[in-house]
Amino acid sequence: MLGILSLLVLLPAIMAAPTYLLGKKNPRFAAIIGIGTTAVVFLISIVILFLFSYGRPGFQLMEVADWAGSFGLEYKVAVDGISLPLILIATILSLLAAAGSWDLIKTREAEYYALFLIFETGILGVFTSLNLILFYVFWEIVLIPMFFFIGIWGGPRKKYASMKFLIFTYAGSTVMLFGFLALYAWTGSQGSPSFDYETLVQRVPTLIMPFQLAAAITTFIGFAVKLPIVPFHTWLPDAHVEAPAPVSVLLAGLLLKMGGYGLVRYNLLLFPDAAEILWPYFATIGLITMIYGASVAIVAQDLKRMIALTSINHMGYVLLGTFARNSFGVSGAIFQMFNHALAIGILFLMSGYIHERAGTRNIDQLTGLRGRMPMTVTLLILASMAAMAIPGLANFISEYQVIQGALQANYLFGVAILAPALTVGYFLWMLRRVVMTPPVGPKDDLHLHSLLILAAFLVPLFILGAYPGPLLNSVIKPAVDSLLPSIAPGGP
């Protein structure tokens with residue numbers, strides 16, 4: 001029976017066609033319908049928040065429909081304490097990015113907003129699917145709009161960036177699909193072959209270890225490319241630099257979270273025995289990604305490229321926390337995905353506004369910006385504080401939890417403290433040049449509606465920074481704690 005989750009997932013795709021057709025008659029119609037649809041989807045996610053039973057582990061609001069049962073395929077969606085925060089952040093960022101597109105996207109708006117809605121369906125489908133092939137279908141749907149976003153509305157090197165994005169991510173997806181198909185075949189020896197997630201959770205532990213390791217590694221590669229981790233990260237800075245600012249919000253805020261969600265839902269929870277062997281290697285890769293992303297961001301001259309490298313740094317926390325395999329680490333990794341989406345979203349959207357007003361993103365050429373855009377610069381300082389994980393903002397809590405979880409796993413992971421220190425360094429380096437230089441030029445600040453859109457990113461970070469309990473303790477932690485015995489029976 002199809003219900004509210006299906007409405008949440010499918011409504012954007014249903015509205016894509018009228019958005020395109022009416023947008024061809026009047027481009028503003030496309031923007032109005034596109035933004036309006038994302039607003040309705042956001043309201044549906046709020047209804048789901050009220051329907052969700054807090055503190056209760058396990059899947060809720062499950063919907064199942066026949067697809068091709070003889071091949072192990074079915075339409076099956078549900079939500080739990082791991083996916084709910086990501087569903088919520090997906091609807092928030094989609095609404096804010098669509099609203100930000102009103103000023104920043106001025107060509108081919110019918111096509112843009114139609115693709116935007118298809119992207120939203122894909123991302124919500126990824127976070128709700130409980131059938132591996134359904135998950136893969138939604139996973140691939142996301143790639144199509146993003147390829148066109150970069151290739152049509154991108155900067156001077158948009159063709160190169162879009163093709164690099166497609167090649168990297170599609171190659172990773174293919175490896176991931178191979179792992180899914182192998183898992184289907186191997187677990188078929190224990191009954192009817194199935195792609196059903198809950199069925200596989202029961203069967204995978206009985207597989208011999210070489211099969212588990214092979215499936216875990218192949219799926220890890222697919223998720224690692226999307227996260228991305230070193231050395232699969234090189235597509236990300238190019239894609240961000242060329243993509244329009246609202247698309248960068250979607251790219252860093254949501255598309256990267258597909259990789260993080262996949263690591264938790266599939267690598268950790270589906271292959272706990274393989275994780276028992278692989279966790280030190282995966283966690284070390286996460287640590288390297290954290291420090292590498294922060295190190296190279298220090299030398300970035302383009303504001304947007306610096307923010308892109310920040311994403312690599314912060315996604316390393318997700319990988320490290322996930323494979324710490326304890327309550328602090330895994331809960332922190334999920335909370336980090338939610339917080340990072342908001343902090344990086346405001347920075348990317350702001351970079352677009354600044355580029356439009358100042359005519360450049362070169363940090364050395366943005367000196368004296370506080371004289372021209374005082375309100376925007378105030379928000380830039382607050383957004384940078386969030387990215388630096390300053391106490392009082394939710395990012396501090398999630399990063400602290402990840403590092404605490406890593407230390408519980410192995411004290412050698414204490415070197416992770418270098419990453420936040422480097423992050424503070426390069427953000428202060430940027431702010432010193434952009435904000436702390438004498439004011440230059442006439443005042444040309446953003447309009448009120450643009451400032452309100454940017455400020456909306458910060459509101460949840462301040463609220464959850466002061467009181468994280470409603471999301472962290474009532475949603476994320478109960479789900480993680482209920483699964484810990486199967487993840488790491490004795491702890492790593």
# chains A, B, ... in the order shown; residues from 1 in each chain; ligands from 1
call {"tool": "residues_around", "arguments": {"residues": "Phe323 in chain A", "least_positions_apart": "2", "cutoff": "7 Å", "atoms": "only C-alpha atoms", "output": "PyMOL selection string"}}
result
chain A and resi 279+282-283+319-321+325
call {"tool": "write_last_selection", "arguments": {"atoms": "C-alpha atoms", "output": "compact mmCIF listing (two decimals), in the first residue's frame"}}
result
# COMPACT_ATOMS: atom_id res chain seq x y z
CA TRP A 279 37.25 -1.24 9.99
CA PHE A 282 38.39 2.17 6.33
CA ALA A 283 38.73 4.35 9.45
CA LEU A 319 33.88 7.66 7.25
CA LEU A 320 35.94 7.72 10.44
CA GLY A 321 32.90 7.87 12.71
CA ARG A 325 31.67 1.15 15.24
call {"tool": "select_by_dssp", "arguments": {"residues": "range 155-350 of chain A", "states": "alpha helix (DSSP H)", "output": "number ranges by chain"}}
result
A: 158-187, 197-203, 209-226, 235-242, 245-250, 256-262, 269-270, 272-297, 303-322, 327-350
call {"tool": "residues_around", "arguments": {"residues": "Leu51 in chain A", "least_positions_apart": "5", "cutoff": "12 Å", "atoms": "only C-alpha atoms", "output": "tab-separated table (two decimals) with all heavy atoms, in the first residue's frame"}}
result
chain	number	residue	atom	x	y	z
A	4	ILE	N	2.27	8.05	2.65
A	4	ILE	CA	2.89	9.36	2.73
A	4	ILE	C	4.35	9.35	2.27
A	4	ILE	O	4.83	10.33	1.68
A	4	ILE	CB	2.77	9.92	4.16
A	4	ILE	CG1	3.17	11.40	4.17
A	4	ILE	CG2	3.61	9.10	5.15
A	4	ILE	CD1	2.79	12.11	5.44
A	5	LEU	N	5.07	8.25	2.48
A	5	LEU	CA	6.46	8.20	2.02
A	5	LEU	C	6.53	8.21	0.50
A	5	LEU	O	7.40	8.87	-0.09
A	5	LEU	CB	7.16	6.95	2.56
A	5	LEU	CG	7.74	7.03	3.97
A	5	LEU	CD1	8.46	5.74	4.31
A	5	LEU	CD2	8.69	8.21	4.12
A	44	ILE	N	5.48	17.93	3.81
A	44	ILE	CA	5.21	16.50	3.96
A	44	ILE	C	6.24	15.88	4.91
A	44	ILE	O	5.91	15.02	5.75
A	44	ILE	CB	5.23	15.79	2.59
A	44	ILE	CG1	4.07	16.29	1.72
A	44	ILE	CG2	5.13	14.27	2.77
A	44	ILE	CD1	4.13	15.81	0.28
A	45	SER	N	7.50	16.30	4.79
A	45	SER	CA	8.54	15.76	5.70
A	45	SER	C	8.26	16.16	7.14
A	45	SER	O	8.57	15.41	8.07
A	45	SER	CB	9.93	16.24	5.26
A	45	SER	OG	10.12	17.62	5.52
A	46	ILE	N	7.67	17.34	7.34
A	46	ILE	CA	7.30	17.76	8.69
A	46	ILE	C	6.19	16.86	9.24
A	46	ILE	O	6.19	16.47	10.42
A	46	ILE	CB	6.86	19.23	8.72
A	46	ILE	CG1	8.01	20.14	8.27
A	46	ILE	CG2	6.36	19.63	10.09
A	46	ILE	CD1	9.23	20.06	9.15
A	60	GLN	N	9.85	2.28	10.20
A	60	GLN	CA	8.49	2.74	10.41
A	60	GLN	C	7.91	3.26	9.10
A	60	GLN	O	8.63	3.53	8.14
A	60	GLN	CB	8.46	3.86	11.46
A	60	GLN	CG	9.05	3.47	12.80
A	60	GLN	CD	9.00	4.61	13.80
A	60	GLN	OE1	8.08	5.43	13.80
A	60	GLN	NE2	10.00	4.68	14.68
A	61	LEU	N	6.58	3.39	9.07
A	61	LEU	CA	5.85	3.92	7.90
A	61	LEU	C	6.18	3.14	6.64
A	61	LEU	O	6.26	3.69	5.54
A	61	LEU	CB	6.15	5.40	7.69
A	61	LEU	CG	5.91	6.32	8.90
A	61	LEU	CD1	6.34	7.75	8.56
A	61	LEU	CD2	4.45	6.30	9.31
A	79	VAL	N	11.26	4.34	6.82
A	79	VAL	CA	12.11	5.34	7.47
A	79	VAL	C	12.48	4.83	8.86
A	79	VAL	O	11.70	4.12	9.50
A	79	VAL	CB	11.38	6.71	7.54
A	79	VAL	CG1	10.12	6.60	8.39
A	79	VAL	CG2	12.29	7.79	8.09
A	80	ASP	N	13.69	5.16	9.30
A	80	ASP	CA	14.10	4.85	10.68
A	80	ASP	C	14.95	6.00	11.19
A	80	ASP	O	15.07	7.05	10.54
A	80	ASP	CB	14.84	3.51	10.75
A	80	ASP	CG	16.20	3.52	10.07
A	80	ASP	OD1	16.51	4.52	9.38
A	80	ASP	OD2	16.96	2.55	10.22
A	84	LEU	N	15.76	9.23	8.77
A	84	LEU	CA	14.90	10.39	9.01
A	84	LEU	C	15.67	11.71	8.98
A	84	LEU	O	15.20	12.68	8.34
A	84	LEU	CB	14.15	10.23	10.34
A	84	LEU	CG	13.17	11.36	10.68
A	84	LEU	CD1	12.06	11.45	9.64
A	84	LEU	CD2	12.57	11.16	12.07
call {"tool": "atom_distance", "arguments": {"atom1": "CA of Ser83 in chain A", "atom2": "CA of Phe42 in chain A"}}
result
15.2 Å
call {"tool": "atom_distance", "arguments": {"atom1": "CA of Glu242 in chain A", "atom2": "CA of Ile307 in chain A"}}
result
13.0 Å
call {"tool": "atom_distance", "arguments": {"atom1": "CA of Phe149 in chain A", "atom2": "CA of Phe119 in chain A"}}
result
10.2 Å
call {"tool": "residues_around", "arguments": {"residues": "range 390-407 of chain A", "least_positions_apart": "2", "cutoff": "7 Å", "atoms": "only C-alpha atoms", "output": "mmCIF file with C-alpha atoms, in the first residue's frame"}}
result
data_model
loop_
_atom_site.group_PDB
_atom_site.id
_atom_site.type_symbol
_atom_site.label_atom_id
_atom_site.label_comp_id
_atom_site.auth_asym_id
_atom_site.auth_seq_id
_atom_site.Cartn_x
_atom_site.Cartn_y
_atom_site.Cartn_z
ATOM 1 C CA TYR A 317 34.599 12.574 9.639
ATOM 2 C CA LEU A 320 35.944 7.716 10.445
ATOM 3 C CA GLY A 321 32.895 7.867 12.713
ATOM 4 C CA ALA A 324 34.642 3.531 14.784
ATOM 5 C CA ASN A 326 30.510 2.551 18.566
ATOM 6 C CA PHE A 328 29.622 7.959 19.760
ATOM 7 C CA GLY A 329 31.204 7.435 16.355
ATOM 8 C CA GLY A 332 28.257 11.460 15.337
ATOM 9 C CA ALA A 333 28.728 10.463 11.687
ATOM 10 C CA PHE A 335 24.624 13.923 12.895
ATOM 11 C CA GLN A 336 27.656 15.255 10.998
ATOM 12 C CA ASN A 339 25.045 19.536 10.133
ATOM 13 C CA MET A 385 32.070 29.474 12.484
ATOM 14 C CA ALA A 386 29.735 26.560 11.726
ATOM 15 C CA MET A 388 34.993 25.497 11.938
ATOM 16 C CA ALA A 409 38.099 2.565 18.855
ATOM 17 C CA ASN A 410 41.855 3.177 19.034
ATOM 18 C CA TYR A 411 43.792 5.916 20.800
ATOM 19 C CA PHE A 413 43.081 8.005 15.978
ATOM 20 C CA GLY A 414 43.662 10.937 18.326
ATOM 21 C CA ALA A 416 42.190 13.346 14.055
ATOM 22 C CA LEU A 461 22.574 24.758 13.548
ATOM 23 C CA PHE A 462 22.109 27.204 16.413
ATOM 24 C CA LEU A 464 20.658 21.956 17.653
ATOM 25 C CA GLY A 465 23.915 23.402 18.959
ATOM 26 C CA ALA A 466 22.103 24.499 22.115
#
call {"tool": "residues_around", "arguments": {"residues": "Gln190 in chain A", "least_positions_apart": "2", "cutoff": "10 Å", "atoms": "only C-alpha atoms", "output": "list in words"}}
result
Ala185, Trp186, Thr187, Gly188, Ser192, Pro193, Arg203, Val204, Thr206 and Leu207 of chain A
call {"tool": "write_last_selection", "arguments": {"atoms": "all heavy atoms", "output": "tab-separated table (two decimals), in the first residue's frame"}}
result
chain	number	residue	atom	x	y	z
A	185	ALA	N	23.14	-13.35	-5.78
A	185	ALA	CA	23.42	-14.72	-6.20
A	185	ALA	C	23.90	-15.57	-5.02
A	185	ALA	O	23.44	-16.71	-4.85
A	185	ALA	CB	24.47	-14.71	-7.30
A	186	TRP	N	24.78	-15.04	-4.21
A	186	TRP	CA	25.35	-15.82	-3.11
A	186	TRP	C	24.30	-16.16	-2.05
A	186	TRP	O	24.25	-17.29	-1.56
A	186	TRP	CB	26.51	-15.06	-2.47
A	186	TRP	CG	27.71	-14.93	-3.37
A	186	TRP	CD1	28.05	-15.76	-4.38
A	186	TRP	CD2	28.68	-13.91	-3.34
A	186	TRP	NE1	29.21	-15.32	-5.00
A	186	TRP	CE2	29.61	-14.18	-4.38
A	186	TRP	CE3	28.89	-12.78	-2.54
A	186	TRP	CZ2	30.73	-13.37	-4.63
A	186	TRP	CZ3	29.99	-11.98	-2.79
A	186	TRP	CH2	30.89	-12.28	-3.83
A	187	THR	N	23.48	-15.19	-1.70
A	187	THR	CA	22.48	-15.45	-0.65
A	187	THR	C	21.32	-16.28	-1.18
A	187	THR	O	20.52	-16.80	-0.40
A	187	THR	CB	21.94	-14.13	-0.07
A	187	THR	OG1	21.43	-13.32	-1.12
A	187	THR	CG2	23.03	-13.37	0.66
A	188	GLY	N	21.23	-16.42	-2.51
A	188	GLY	CA	20.19	-17.27	-3.09
A	188	GLY	C	20.37	-18.73	-2.73
A	188	GLY	O	19.42	-19.52	-2.81
A	192	SER	N	15.09	-18.36	-1.63
A	192	SER	CA	14.82	-17.63	-2.86
A	192	SER	C	15.72	-16.40	-2.93
A	192	SER	O	15.82	-15.66	-1.95
A	192	SER	CB	13.35	-17.19	-2.90
A	192	SER	OG	12.50	-18.31	-2.86
A	193	PRO	N	16.38	-16.19	-4.08
A	193	PRO	CA	17.24	-15.00	-4.20
A	193	PRO	C	16.42	-13.74	-3.92
A	193	PRO	O	15.25	-13.63	-4.29
A	193	PRO	CB	17.70	-15.06	-5.66
A	193	PRO	CG	17.57	-16.49	-6.06
A	193	PRO	CD	16.37	-17.00	-5.31
A	203	ARG	N	20.54	-12.98	6.14
A	203	ARG	CA	21.28	-14.02	5.43
A	203	ARG	C	22.78	-13.76	5.33
A	203	ARG	O	23.58	-14.71	5.33
A	203	ARG	CB	20.72	-14.18	4.01
A	203	ARG	CG	19.31	-14.74	3.96
A	203	ARG	CD	18.88	-14.94	2.52
A	203	ARG	NE	17.50	-15.40	2.42
A	203	ARG	CZ	16.87	-15.62	1.27
A	203	ARG	NH1	17.51	-15.43	0.13
A	203	ARG	NH2	15.62	-16.03	1.27
A	204	VAL	N	23.17	-12.49	5.21
A	204	VAL	CA	24.58	-12.19	4.96
A	204	VAL	C	25.51	-12.75	6.03
A	204	VAL	O	26.59	-13.28	5.71
A	204	VAL	CB	24.78	-10.66	4.79
A	204	VAL	CG1	26.26	-10.30	4.84
A	204	VAL	CG2	24.18	-10.20	3.47
A	206	THR	N	25.60	-15.46	7.44
A	206	THR	CA	25.88	-16.88	7.23
A	206	THR	C	26.78	-17.13	6.02
A	206	THR	O	27.19	-18.26	5.78
A	206	THR	CB	24.56	-17.66	7.05
A	206	THR	OG1	23.90	-17.21	5.87
A	206	THR	CG2	23.65	-17.45	8.25
A	207	LEU	N	27.08	-16.08	5.25
A	207	LEU	CA	27.98	-16.23	4.10
A	207	LEU	C	29.40	-16.47	4.59
A	207	LEU	O	29.82	-15.94	5.62
A	207	LEU	CB	27.96	-14.98	3.22
A	207	LEU	CG	26.76	-14.74	2.32
A	207	LEU	CD1	26.95	-13.45	1.55
A	207	LEU	CD2	26.56	-15.90	1.36
call {"tool": "closest_residue", "arguments": {"among": "A:Ala358, A:Met209, A:Ala343, A:Met306", "to": "Trp429 in chain A", "atoms": "only C-alpha atoms"}}
result
A:Met306
call {"tool": "closest_atom_pairs", "arguments": {"of": "range 385-459 of chain A", "to": "range 345-348 of chain A", "cutoff": "8 Å", "atoms": "only C-alpha atoms", "output": "CSV"}}
result
residue,atom,partner,partner_atom,distance
A:Leu454,CA,A:Ile346,CA,5.7
A:Phe457,CA,A:Ile346,CA,5.9
A:Leu458,CA,A:Ile346,CA,7.8
call {"tool": "write_last_selection", "arguments": {"atoms": "C-alpha atoms", "output": "PDB file, in the first residue's frame"}}
result
ATOM      1  CA  LEU A 454      20.979  32.374   3.821  1.00  0.00           C
ATOM      2  CA  PHE A 457      20.552  27.598   6.862  1.00  0.00           C
ATOM      3  CA  LEU A 458      21.938  28.738  10.214  1.00  0.00           C
TER       4      LEU A 458
END
call {"tool": "closest_residue", "arguments": {"among": "A:Gly155, A:Gly125, A:Gly81, A:Gly371", "to": "Val264 in chain A", "atoms": "only C-alpha atoms"}}
result
A:Gly81
call {"tool": "decode", "arguments": {"residues": "range 245-261 of chain A", "atoms": "N, CA and C atoms", "output": "short mmCIF file (atom, residue, chain, number, x, y, z; two decimals), in the first residue's frame"}}
result
data_model
loop_
_atom_site.label_atom_id
_atom_site.label_comp_id
_atom_site.auth_asym_id
_atom_site.auth_seq_id
_atom_site.Cartn_x
_atom_site.Cartn_y
_atom_site.Cartn_z
N ALA A 245 25.97 28.04 -8.07
CA ALA A 245 25.96 27.96 -6.61
C ALA A 245 24.82 27.12 -6.05
N PRO A 246 23.56 27.25 -6.51
CA PRO A 246 22.49 26.41 -5.93
C PRO A 246 22.72 24.92 -6.18
N VAL A 247 23.35 24.61 -7.31
CA VAL A 247 23.65 23.20 -7.62
C VAL A 247 24.75 22.70 -6.69
N SER A 248 25.71 23.55 -6.37
CA SER A 248 26.74 23.15 -5.40
C SER A 248 26.13 22.85 -4.04
N VAL A 249 25.05 23.57 -3.68
CA VAL A 249 24.34 23.27 -2.43
C VAL A 249 23.83 21.84 -2.47
N LEU A 250 23.22 21.45 -3.59
CA LEU A 250 22.70 20.09 -3.73
C LEU A 250 23.84 19.07 -3.78
N LEU A 251 24.89 19.42 -4.49
CA LEU A 251 26.00 18.50 -4.69
C LEU A 251 26.70 18.17 -3.37
N ALA A 252 27.07 19.21 -2.62
CA ALA A 252 27.78 18.98 -1.35
C ALA A 252 26.83 18.61 -0.23
N GLY A 253 25.64 19.26 -0.22
CA GLY A 253 24.73 19.05 0.89
C GLY A 253 23.99 17.74 0.84
N LEU A 254 23.73 17.21 -0.38
CA LEU A 254 22.89 16.02 -0.50
C LEU A 254 23.57 14.88 -1.25
N LEU A 255 24.14 15.16 -2.41
CA LEU A 255 24.69 14.06 -3.20
C LEU A 255 25.81 13.34 -2.45
N LEU A 256 26.66 14.08 -1.75
CA LEU A 256 27.72 13.43 -0.99
C LEU A 256 27.16 12.58 0.15
N LYS A 257 26.00 12.98 0.67
CA LYS A 257 25.39 12.24 1.77
C LYS A 257 24.88 10.88 1.33
N MET A 258 24.66 10.70 0.02
CA MET A 258 24.32 9.38 -0.48
C MET A 258 25.43 8.40 -0.16
N GLY A 259 26.68 8.84 -0.34
CA GLY A 259 27.80 7.97 -0.02
C GLY A 259 27.88 7.67 1.47
N GLY A 260 27.69 8.70 2.30
CA GLY A 260 27.73 8.49 3.74
C GLY A 260 26.62 7.58 4.22
N TYR A 261 25.41 7.79 3.71
CA TYR A 261 24.28 6.94 4.07
C TYR A 261 24.53 5.50 3.65
#
